[in-house]
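Structure file query-v4.cif (mmCIF, C-alpha atoms) follows.
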```
data_protein
#
loop_
_atom_site.label_atom_id
_atom_site.label_comp_id
_atom_site.auth_asym_id
_atom_site.auth_seq_id
_atom_site.Cartn_x
_atom_site.Cartn_y
_atom_site.Cartn_z
CA MET N 1234 114.82 116.93 122.76
CA ALA N 1235 112.97 120.26 122.77
CA SER N 1236 111.70 119.69 119.22
CA LEU N 1237 110.44 116.22 120.12
CA LEU N 1238 108.60 117.58 123.18
CA LEU N 1239 107.03 120.30 121.03
CA HIS N 1240 105.99 117.67 118.47
CA ALA N 1241 104.36 115.60 121.23
CA ALA N 1242 102.58 118.64 122.62
CA VAL N 1243 101.13 119.45 119.21
CA LEU N 1244 99.87 115.88 118.89
CA LEU N 1245 98.14 116.15 122.27
CA LEU N 1246 96.58 119.48 121.31
CA ALA N 1247 95.32 118.02 118.04
CA ALA N 1248 93.64 115.19 119.92
CA ALA N 1249 91.98 117.47 122.47
CA PRO N 1250 88.21 117.83 122.28
CA GLY N 1251 87.29 120.94 120.35
CA GLY N 1252 90.81 121.31 118.93
CA ALA N 1253 91.89 121.09 115.31
CA ALA N 1254 91.49 117.34 115.52
CA ASP N 1255 89.96 116.89 112.07
CA SER N 1256 93.30 117.46 110.33
CA PRO N 1257 96.12 115.00 110.92
CA TYR N 1258 98.59 117.58 109.60
CA VAL N 1259 98.49 119.92 112.63
CA ALA N 1260 101.28 117.80 114.10
CA TRP N 1261 103.77 119.42 111.68
CA SER N 1262 104.41 123.15 111.44
CA HIS N 1263 105.54 122.89 107.79
CA GLY N 1264 103.51 119.89 106.67
CA PRO N 1265 100.49 119.78 104.35
CA PRO N 1266 98.01 122.59 105.07
CA SER N 1267 95.59 121.75 107.87
CA ASP N 1268 92.94 124.00 106.33
CA PRO N 1269 89.78 121.86 105.85
CA SER N 1270 89.54 123.11 102.28
CA PHE N 1271 92.87 121.50 101.35
CA PHE N 1272 92.77 117.91 100.10
CA PRO N 1273 96.06 116.48 98.75
CA ILE N 1274 95.86 115.60 95.05
CA ALA N 1275 99.31 114.80 93.68
CA VAL N 1276 101.20 113.59 90.64
CA TRP N 1277 104.17 111.25 90.86
CA LEU N 1278 107.64 112.30 89.67
CA GLN N 1279 106.69 114.98 87.16
CA SER N 1280 108.67 117.89 85.71
CA PRO N 1281 108.06 121.18 87.55
CA ALA N 1282 107.85 122.82 84.12
CA ASN N 1283 104.35 121.35 83.90
CA ALA N 1284 103.24 122.53 87.35
CA ALA N 1285 100.92 125.26 86.05
CA ALA N 1286 99.18 122.80 83.73
CA TYR N 1287 98.67 120.36 86.59
CA ARG N 1288 97.32 123.16 88.79
CA ARG N 1289 94.68 123.83 86.16
CA ALA N 1290 93.77 120.14 86.35
CA GLY N 1291 93.23 120.38 90.10
CA VAL N 1292 96.56 118.98 91.27
CA ASN N 1293 98.08 120.77 94.26
CA THR N 1294 101.06 118.55 95.18
CA TYR N 1295 104.08 116.92 93.54
CA VAL N 1296 105.52 113.71 94.99
CA GLY N 1297 109.11 113.11 93.95
CA LEU N 1298 111.47 115.16 91.78
CA TRP N 1299 113.76 113.59 89.20
CA LYS N 1300 117.38 113.97 90.35
CA GLY N 1301 116.21 116.57 92.83
CA PRO N 1302 115.19 118.60 94.52
CA THR N 1303 117.24 121.29 92.86
CA ALA N 1304 116.91 125.04 93.43
CA GLU N 1305 115.42 125.47 89.96
CA GLN N 1306 112.81 122.76 90.56
CA LEU N 1307 111.73 124.24 93.89
CA ASP N 1308 111.58 127.75 92.44
CA GLN N 1309 109.38 126.55 89.56
CA LEU N 1310 106.98 124.80 91.94
CA LYS N 1311 106.83 127.82 94.24
CA ALA N 1312 106.02 130.12 91.31
CA ALA N 1313 103.16 127.80 90.30
CA GLY N 1314 101.80 127.60 93.86
CA MET N 1315 102.50 123.85 93.94
CA LYS N 1316 103.42 121.93 97.11
CA VAL N 1317 105.98 119.11 97.03
CA ILE N 1318 107.06 116.03 98.96
CA CYS N 1319 110.64 115.24 97.99
CA ASP N 1320 113.95 113.68 98.97
CA GLN N 1321 115.66 115.21 101.95
CA ASN N 1322 118.91 116.27 100.30
CA ALA N 1323 121.34 118.95 101.48
CA LEU N 1324 119.82 121.70 99.34
CA ALA N 1325 116.30 120.95 100.58
CA LEU N 1326 117.47 121.09 104.19
CA GLU N 1327 118.80 124.58 103.50
CA ARG N 1328 115.27 125.63 102.49
CA THR N 1329 113.26 124.31 105.43
CA ALA N 1330 111.68 127.75 105.89
CA ASP N 1331 110.05 127.35 102.47
CA ASP N 1332 106.47 126.11 102.77
CA THR N 1333 106.65 124.75 99.23
CA ILE N 1334 108.18 121.61 100.76
CA ILE N 1335 105.47 119.90 102.84
CA GLY N 1336 107.08 116.51 103.41
CA TRP N 1337 110.01 114.17 102.89
CA MET N 1338 110.00 110.75 101.26
CA HIS N 1339 111.82 107.45 101.27
CA GLY N 1340 112.97 105.85 98.04
CA ASP N 1341 110.14 104.20 96.14
CA GLU N 1342 108.92 100.65 96.89
CA PRO N 1343 111.58 99.41 99.33
CA ASP N 1344 109.36 96.36 99.94
CA ASN N 1345 110.12 95.05 96.44
CA ALA N 1346 113.17 93.02 95.42
CA GLN N 1347 116.09 95.43 94.89
CA PRO N 1348 118.57 95.41 91.98
CA ALA N 1349 121.78 93.64 92.96
CA ARG N 1350 125.20 95.05 92.06
CA SER N 1351 126.17 91.74 90.50
CA GLY N 1352 123.03 91.70 88.35
CA GLY N 1353 119.55 90.39 88.92
CA TYR N 1354 117.68 91.14 92.11
CA GLY N 1355 118.29 90.73 95.79
CA PRO N 1356 115.88 90.92 98.72
CA PRO N 1357 113.78 93.97 99.59
CA ILE N 1358 115.19 96.67 101.85
CA ALA N 1359 114.67 95.46 105.41
CA PRO N 1360 111.96 97.22 107.45
CA GLU N 1361 114.47 98.05 110.19
CA THR N 1362 116.56 99.95 107.61
CA ILE N 1363 113.50 102.02 106.68
CA VAL N 1364 112.81 102.73 110.35
CA GLU N 1365 116.39 103.90 110.87
CA ARG N 1366 116.22 106.18 107.82
CA TYR N 1367 112.95 107.58 109.15
CA ARG N 1368 114.60 108.43 112.46
CA LYS N 1369 117.43 110.22 110.72
CA MET N 1370 115.12 112.23 108.47
CA HIS N 1371 112.92 113.16 111.41
CA ALA N 1372 115.95 114.24 113.43
CA ALA N 1373 117.12 116.45 110.55
CA ASP N 1374 113.69 118.12 110.23
CA PRO N 1375 110.81 117.20 112.57
CA ALA N 1376 108.58 119.91 111.08
CA ARG N 1377 107.42 117.79 108.12
CA PRO N 1378 105.90 114.32 107.78
CA ILE N 1379 107.73 111.50 105.99
CA LEU N 1380 106.02 109.53 103.23
CA LEU N 1381 106.71 105.90 102.39
CA ASN N 1382 105.33 104.53 99.12
CA LEU N 1383 105.08 100.75 98.98
CA GLY N 1384 104.46 98.35 96.11
CA GLN N 1385 101.57 96.19 95.05
CA GLY N 1386 102.40 93.54 97.63
CA VAL N 1387 100.31 95.68 99.99
CA ALA N 1388 97.17 94.54 98.17
CA TRP N 1389 98.36 91.30 96.52
CA ASP N 1390 100.10 88.66 98.64
CA GLU N 1391 101.20 86.63 95.62
CA TYR N 1392 103.11 89.52 94.01
CA TYR N 1393 106.28 87.96 92.63
CA GLY N 1394 108.15 91.29 92.62
CA ARG N 1395 108.92 90.96 96.33
CA GLY N 1396 111.30 88.10 95.60
CA VAL N 1397 112.17 86.11 98.70
CA ARG N 1398 109.63 88.10 100.75
CA SER N 1399 106.64 87.29 98.53
CA ARG N 1400 103.75 85.92 100.62
CA HIS N 1401 105.02 87.70 103.72
CA PRO N 1402 102.40 90.38 104.41
CA GLU N 1403 103.56 90.51 108.03
CA ASP N 1404 106.47 92.68 106.83
CA TYR N 1405 104.20 95.64 106.26
CA ALA N 1406 103.34 96.43 109.85
CA GLU N 1407 107.10 96.77 110.40
CA TYR N 1408 107.59 99.00 107.33
CA LEU N 1409 104.86 101.32 108.58
CA LYS N 1410 106.88 102.11 111.69
CA GLY N 1411 109.17 104.07 109.35
CA CYS N 1412 106.76 106.73 108.09
CA ASP N 1413 104.05 109.24 108.91
CA ILE N 1414 102.20 108.94 105.59
CA ALA N 1415 101.86 105.46 104.10
CA SER N 1416 101.07 105.02 100.42
CA PHE N 1417 101.07 102.15 97.91
CA ASP N 1418 100.43 101.47 94.24
CA ILE N 1419 98.54 98.84 92.30
CA TYR N 1420 97.13 99.44 88.82
CA PRO N 1421 94.34 96.95 88.05
CA VAL N 1422 93.10 98.30 84.71
CA VAL N 1423 96.46 97.99 82.94
CA HIS N 1424 97.75 95.02 84.96
CA ASP N 1425 99.28 92.10 83.07
CA ARG N 1426 98.13 89.35 85.46
CA PRO N 1427 94.58 87.97 85.07
CA GLN N 1428 93.95 87.71 88.81
CA ILE N 1429 94.39 91.51 89.09
CA ALA N 1430 93.46 92.86 85.65
CA GLY N 1431 90.08 94.59 85.76
CA ASN N 1432 89.59 93.99 89.48
CA LEU N 1433 89.51 97.60 90.63
CA TRP N 1434 88.70 96.58 94.20
CA TYR N 1435 92.36 95.74 94.84
CA VAL N 1436 92.84 99.49 95.30
CA ALA N 1437 90.39 99.50 98.22
CA ARG N 1438 91.92 96.33 99.64
CA GLY N 1439 95.35 97.92 99.85
CA VAL N 1440 94.00 101.04 101.57
CA GLU N 1441 92.12 98.92 104.11
CA ARG N 1442 95.24 96.90 104.85
CA LEU N 1443 97.45 99.94 105.40
CA ARG N 1444 94.92 101.31 107.86
CA ARG N 1445 94.68 97.97 109.66
CA TRP N 1446 98.42 97.27 109.74
CA SER N 1447 99.06 100.71 111.17
CA ALA N 1448 96.20 100.38 113.69
CA GLY N 1449 94.79 103.58 112.20
CA LYS N 1450 97.81 105.57 113.44
CA LYS N 1451 99.28 106.44 110.04
CA ILE N 1452 97.93 108.81 107.41
CA VAL N 1453 97.10 106.75 104.29
CA TRP N 1454 97.39 107.97 100.71
CA ASN N 1455 97.57 105.86 97.56
CA CYS N 1456 98.55 105.93 93.92
CA ILE N 1457 95.98 105.78 91.11
CA GLU N 1458 96.65 104.75 87.50
CA ALA N 1459 96.00 107.62 85.09
CA SER N 1460 97.77 106.38 81.95
CA ARG N 1461 98.32 103.16 80.05
CA ILE N 1462 101.74 102.85 81.79
CA SER N 1463 103.22 99.80 79.99
CA ASN N 1464 100.06 98.38 78.44
CA SER N 1465 99.97 99.18 74.72
CA ASP N 1466 96.43 97.83 74.37
CA VAL N 1467 94.56 99.14 77.40
CA LYS N 1468 94.37 102.41 79.29
CA PRO N 1469 92.05 103.40 82.14
CA SER N 1470 88.98 105.45 81.33
CA ALA N 1471 87.95 108.47 83.37
CA TYR N 1472 85.07 106.35 84.67
CA GLN N 1473 87.48 103.69 85.97
CA ILE N 1474 89.80 106.28 87.48
CA ARG N 1475 86.86 107.87 89.28
CA SER N 1476 85.87 104.45 90.63
CA GLU N 1477 89.37 103.78 91.95
CA VAL N 1478 89.63 107.26 93.49
CA TRP N 1479 86.34 106.97 95.35
CA MET N 1480 86.99 103.36 96.37
CA SER N 1481 90.17 104.57 98.02
CA LEU N 1482 88.50 107.59 99.67
CA ILE N 1483 85.58 105.53 100.94
CA HIS N 1484 87.98 102.99 102.45
CA GLY N 1485 90.06 105.59 104.26
CA SER N 1486 92.62 107.17 101.92
CA THR N 1487 93.11 110.88 102.61
CA GLY N 1488 95.35 111.73 99.67
CA ILE N 1489 95.52 110.78 95.99
CA ILE N 1490 98.68 110.44 93.87
CA TYR N 1491 98.16 110.02 90.12
CA PHE N 1492 100.69 107.95 88.20
CA VAL N 1493 100.73 109.49 84.72
CA HIS N 1494 103.88 108.11 83.06
CA GLN N 1495 103.55 106.13 79.85
CA PHE N 1496 106.36 103.68 78.99
CA LYS N 1497 104.84 101.81 76.02
CA PRO N 1498 104.49 101.98 73.08
CA SER N 1499 106.67 105.06 73.62
CA PHE N 1500 107.80 107.02 76.67
CA VAL N 1501 105.71 110.06 77.63
CA GLU N 1502 106.39 111.50 81.06
CA ALA N 1503 103.29 113.71 81.27
CA SER N 1504 100.95 111.48 79.28
CA LEU N 1505 97.87 112.77 81.11
CA LEU N 1506 98.54 116.27 79.80
CA ARG N 1507 98.78 114.86 76.25
CA ASP N 1508 95.43 113.06 76.46
CA PRO N 1509 92.63 115.68 76.21
CA GLU N 1510 89.77 113.28 76.94
CA LEU N 1511 91.39 111.71 79.99
CA LEU N 1512 92.66 115.07 81.23
CA GLU N 1513 89.13 116.47 81.11
CA GLY N 1514 87.82 113.50 83.09
CA VAL N 1515 90.54 113.65 85.75
CA THR N 1516 90.11 117.41 86.06
CA GLU N 1517 86.41 116.88 86.79
CA ILE N 1518 87.22 114.21 89.40
CA ASN N 1519 89.61 116.63 91.08
CA ARG N 1520 87.12 119.51 90.92
CA GLN N 1521 84.55 117.43 92.78
CA ILE N 1522 87.06 116.36 95.42
CA HIS N 1523 88.05 119.97 96.06
CA GLU N 1524 84.37 120.94 96.24
CA LEU N 1525 83.85 118.24 98.89
CA ALA N 1526 87.21 118.72 100.64
CA ALA N 1527 85.75 119.99 103.90
CA VAL N 1528 83.42 116.99 103.99
CA LEU N 1529 86.18 114.51 103.13
CA ASN N 1530 88.41 116.02 105.81
CA SER N 1531 85.70 115.67 108.46
CA PRO N 1532 85.52 112.52 110.63
CA THR N 1533 83.88 109.43 109.17
CA LEU N 1534 80.93 108.30 111.31
CA GLU N 1535 81.54 104.67 112.19
CA ASN N 1536 78.85 101.96 112.18
CA VAL N 1537 76.01 104.27 111.13
CA VAL N 1538 75.14 102.83 107.70
CA GLU N 1539 74.05 99.35 106.72
CA VAL N 1540 74.39 98.54 103.03
CA THR N 1541 72.46 95.62 101.58
CA ALA N 1542 73.23 94.75 97.97
CA LEU N 1543 70.33 92.88 96.42
CA ASP N 1544 72.93 90.90 94.46
CA PRO N 1545 75.36 89.51 97.07
CA GLU N 1546 77.96 89.04 94.32
CA ALA N 1547 77.95 92.80 93.70
CA PRO N 1548 78.67 94.46 97.06
CA VAL N 1549 78.45 98.22 97.57
CA ALA N 1550 80.68 100.07 100.06
CA ALA N 1551 79.65 103.32 101.73
CA ILE N 1552 80.72 105.83 104.36
CA VAL N 1553 78.83 108.60 106.13
CA LYS N 1554 80.00 112.08 107.10
CA GLN N 1555 78.25 115.13 108.48
CA GLN N 1556 79.27 118.69 107.74
CA ALA N 1557 77.57 122.11 107.82
CA GLY N 1558 74.21 120.65 108.82
CA ALA N 1559 74.04 118.02 106.07
CA THR N 1560 74.59 114.27 106.03
CA TYR N 1561 76.73 112.90 103.21
CA VAL N 1562 76.77 109.31 102.03
CA PHE N 1563 79.51 108.29 99.59
CA ALA N 1564 78.97 104.89 97.94
CA VAL N 1565 80.65 102.78 95.26
CA ALA N 1566 79.93 99.44 93.60
CA MET N 1567 82.82 97.13 94.37
CA ARG N 1568 82.50 94.67 91.48
CA ASP N 1569 82.21 94.73 87.70
CA ARG N 1570 78.49 93.94 87.72
CA ALA N 1571 75.33 95.94 88.21
CA SER N 1572 73.38 95.85 91.44
CA ARG N 1573 70.71 97.60 93.46
CA ALA N 1574 71.55 98.54 97.03
CA ARG N 1575 69.54 99.50 100.09
CA LEU N 1576 71.24 101.93 102.48
CA THR N 1577 69.88 102.23 106.02
CA LEU N 1578 71.14 105.13 108.14
CA ARG N 1579 71.26 105.47 111.92
CA VAL N 1580 71.94 109.21 111.65
CA GLY N 1581 70.62 112.07 109.55
CA PRO N 1582 67.10 112.77 108.34
CA ARG N 1583 64.43 110.09 108.56
CA THR N 1584 62.43 111.61 105.69
CA ALA N 1585 64.01 113.72 102.96
CA ASP N 1586 64.77 113.99 99.28
CA GLY N 1587 68.49 113.39 99.01
CA ASP N 1588 70.48 115.10 96.27
CA VAL N 1589 72.69 112.80 94.19
CA ILE N 1590 75.64 115.15 93.74
CA GLY N 1591 76.48 115.92 90.13
CA GLU N 1592 73.73 113.72 88.67
CA GLY N 1593 70.78 116.13 88.63
CA ARG N 1594 68.43 113.79 90.49
CA THR N 1595 67.24 112.96 93.99
CA VAL N 1596 66.52 109.81 95.99
CA PRO N 1597 63.63 109.59 98.46
CA VAL N 1598 64.74 108.83 102.02
CA ARG N 1599 61.98 107.22 104.05
CA GLY N 1600 62.46 105.95 107.58
CA GLY N 1601 66.17 106.67 107.25
CA ARG N 1602 66.42 104.29 104.30
CA PHE N 1603 66.84 104.67 100.54
CA GLU N 1604 67.66 102.49 97.55
CA ASP N 1605 69.57 103.12 94.34
CA ASP N 1606 70.85 101.31 91.27
CA PHE N 1607 74.57 100.93 90.65
CA LYS N 1608 76.20 100.15 87.34
CA PRO N 1609 79.46 98.14 87.48
CA TYR N 1610 81.97 100.07 89.63
CA GLU N 1611 79.65 103.09 89.72
CA VAL N 1612 80.02 105.89 92.27
CA HIS N 1613 77.10 107.78 93.83
CA LEU N 1614 77.55 110.71 96.21
CA TYR N 1615 74.51 111.74 98.25
CA ARG N 1616 73.78 114.88 100.24
CA LEU N 1617 70.85 114.62 102.65
CA PRO N 1618 69.65 117.99 103.96
#
```
I need this file expressed as structure tokens, please.
Amino acid sequence: MASLLLHAAVLLLAAAPGGAADSPYVAWSHGPPSDPSFFPIAVWLQSPANAAAYRRAGVNTYVGLWKGPTAEQLDQLKAAGMKVICDQNALALERTADDTIIGWMHGDEPDNAQPARSGGYGPPIAPETIVERYRKMHAADPARPILLNLGQGVAWDEYYGRGVRSRHPEDYAEYLKGCDIASFDIYPVVHDRPQIAGNLWYVARGVERLRRWSAGKKIVWNCIEASRISNSDVKPSAYQIRSEVWMSLIHGSTGIIYFVHQFKPSFVEASLLRDPELLEGVTEINRQIHELAAVLNSPTLENVVEVTALDPEAPVAAIVKQQAGATYVFAVAMRDRASRARLTLRVGPRTADGDVIGEGRTVPVRGGRFEDDFKPYEVHLYRLP
């Protein structure tokens, strides 16, 4: 009872005006760092032997450990300065004083049809089972958040992999009662179904839904494709990965998990590390996120930007943040077609030359309004002094 009261008190302190309200992680004494300069960038189920290489690429967190956590795995991650969210096994519970572990996790994709002992597949794991497991994990260690990663049914109602619960999106609000951090995965570039393939905006749709289904009360992360996975013919480009990352951030994700396994034409666990061109691109994406971490971790200003795409079939999404005396506008084209967009701000400078971050150019802001061209799925990041 005492630990639950302390947990509630920390939540109240975090919500108090002038408190450390910008970080959702202050609620946990051993959770992800609440330092504004820390933004979670993770890889899914990778060998700790590669932790130093991932650190150089800008990754700071592992999610999942194969047949772990083991003492050797945790020691390797600690030596590399890597954080981890992992299963709550007996060994991990013996190391709760170790700040290497910043969270616990459920088994992956319980919302999908589960393998049956007799062969084939049975129904998904029931939401109430997830909620009960959450209670047990929280009781064993309330000092860390619990992550639940869900499948592509979050973004795609017709996903057949949910079996008897396909076309039942109402399940997800119940699943979200069993976690502190909600995540999901859908991989549009390498997808094998035409209604999803190439439609990168499904990433943003899933993030929006998790935020809505949780009434904004859960931290939302999401998985991003960073390999060909099982598609022997197609793999995402760094440009497409950047689009998906910023779509998710602009729509409310506060953590990124890269999926880097390759299963076809041959299995490569750390395929991103074996792909110099893609690794360079992802490293640059991560560098920019870390550079903007304090901005990304600051509150999003609601209802302060109006975006008008001159082509209504090519919408542009944008958010506004203010930090250290500057106004930031992050924008992304949401369809695979070019457009020009007009952005009208209710905050920030009325007249200025806004810097387009990383592009070596400026945009003129006049009367709190500016326009810019967007290539298909292009990202522009603006800083207005």
Non-local contacts of region 1507-1514 of chain N (9 Å; all atoms listed in the file; under 6 positions in same chain excluded) as a PyMOL selection string: chain N and resi 1290+1459-1460+1469-1472+1474-1475+1501
Do you have, as a tab-separated table, the list of residues of region 1491-1581 of chain N lying at most 10 Å from region 1255-1272 of chain N, each with its nearest atom pair and that distance in Å to one decimal, counting all atoms listed in the file and ordered by chain then number?
```
residue	atom	partner	partner_atom	distance
N:Asn1519	CA	N:Phe1272	CA	9.6
N:Ile1522	CA	N:Phe1272	CA	7.5
N:His1523	CA	N:Phe1272	CA	6.5
N:Glu1524	CA	N:Ser1270	CA	8.2
N:Leu1525	CA	N:Ser1270	CA	8.2
N:Ala1526	CA	N:Ser1270	CA	5.2
N:Ala1527	CA	N:Pro1269	CA	4.9
N:Val1528	CA	N:Pro1269	CA	8.2
N:Leu1529	CA	N:Phe1272	CA	8.0
N:Asn1530	CA	N:Pro1269	CA	6.0
N:Ser1531	CA	N:Asp1255	CA	5.7
N:Pro1532	CA	N:Asp1255	CA	6.4
```
Starting from the displayed file, determine the output of the PyMOL selection byres ((chain N and resi 1481-1488) around 9) and express the residue list as a CSV table (one decimal) with C-alpha atoms, in the frame of the given file.
```csv
chain,number,residue,atom,x,y,z
N,1272,PHE,CA,92.8,117.9,100.1
N,1273,PRO,CA,96.1,116.5,98.8
N,1274,ILE,CA,95.9,115.6,95.0
N,1275,ALA,CA,99.3,114.8,93.7
N,1416,SER,CA,101.1,105.0,100.4
N,1434,TRP,CA,88.7,96.6,94.2
N,1436,VAL,CA,92.8,99.5,95.3
N,1437,ALA,CA,90.4,99.5,98.2
N,1438,ARG,CA,91.9,96.3,99.6
N,1439,GLY,CA,95.4,97.9,99.8
N,1440,VAL,CA,94.0,101.0,101.6
N,1441,GLU,CA,92.1,98.9,104.1
N,1444,ARG,CA,94.9,101.3,107.9
N,1452,ILE,CA,97.9,108.8,107.4
N,1453,VAL,CA,97.1,106.8,104.3
N,1454,TRP,CA,97.4,108.0,100.7
N,1455,ASN,CA,97.6,105.9,97.6
N,1456,CYS,CA,98.6,105.9,93.9
N,1476,SER,CA,85.9,104.4,90.6
N,1477,GLU,CA,89.4,103.8,92.0
N,1478,VAL,CA,89.6,107.3,93.5
N,1479,TRP,CA,86.3,107.0,95.4
N,1480,MET,CA,87.0,103.4,96.4
N,1489,ILE,CA,95.5,110.8,96.0
N,1490,ILE,CA,98.7,110.4,93.9
N,1529,LEU,CA,86.2,114.5,103.1
N,1530,ASN,CA,88.4,116.0,105.8
N,1533,THR,CA,83.9,109.4,109.2
N,1550,ALA,CA,80.7,100.1,100.1
N,1551,ALA,CA,79.6,103.3,101.7
N,1552,ILE,CA,80.7,105.8,104.4
N,1563,PHE,CA,79.5,108.3,99.6
N,1564,ALA,CA,79.0,104.9,97.9
N,1565,VAL,CA,80.6,102.8,95.3
```
May I ask for the distance between CA of Ser1463 (chain N) and CA of Phe1496 (chain N), given in Å to one decimal place? 5.1 Å
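Against the coordinates shown, the PyMOL selection byres ((chain N and resi 1358-1362) around 10) returns Glu1342, Pro1343, Asp1344, Asn1345, Ala1346, Gln1347, Gly1355, Pro1356, Pro1357, Ile1363, Val1364, Glu1365, Arg1366, Tyr1367, Arg1368, Asp1404, Tyr1405, Ala1406, Glu1407, Tyr1408, Leu1409, Lys1410 and Gly1411 of chain N.
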What residues come out when you apply the PyMOL selection byres ((chain N and resi 1373) around 12) to this file, written as a PyMOL selection string? chain N and resi 1236-1237+1321-1323+1325-1327+1329+1337+1366-1372+1374-1379
Nearby residues (only C-alpha atoms) at most 10 Å from Ala1282 (chain N), same-chain spacing under 2 positions excluded, as an NGL selection string: :N and (1279-1280 or 1284-1287 or 1305-1306 or 1309-1310 or 1313)
Hey, which bits of region 1512-1593 of chain N sit within 10 Å of region 1422-1432 of chain N, and for each residue what's the closest pair of atoms and how far apart in Å (one decimal), counting only C-alpha atoms, rows by chain and increasing number, as CSV?
```
residue,atom,partner,partner_atom,distance
N:Met1567,CA,N:Asn1432,CA,8.9
N:Arg1568,CA,N:Asn1432,CA,7.4
N:Asp1569,CA,N:Asn1432,CA,7.6
```
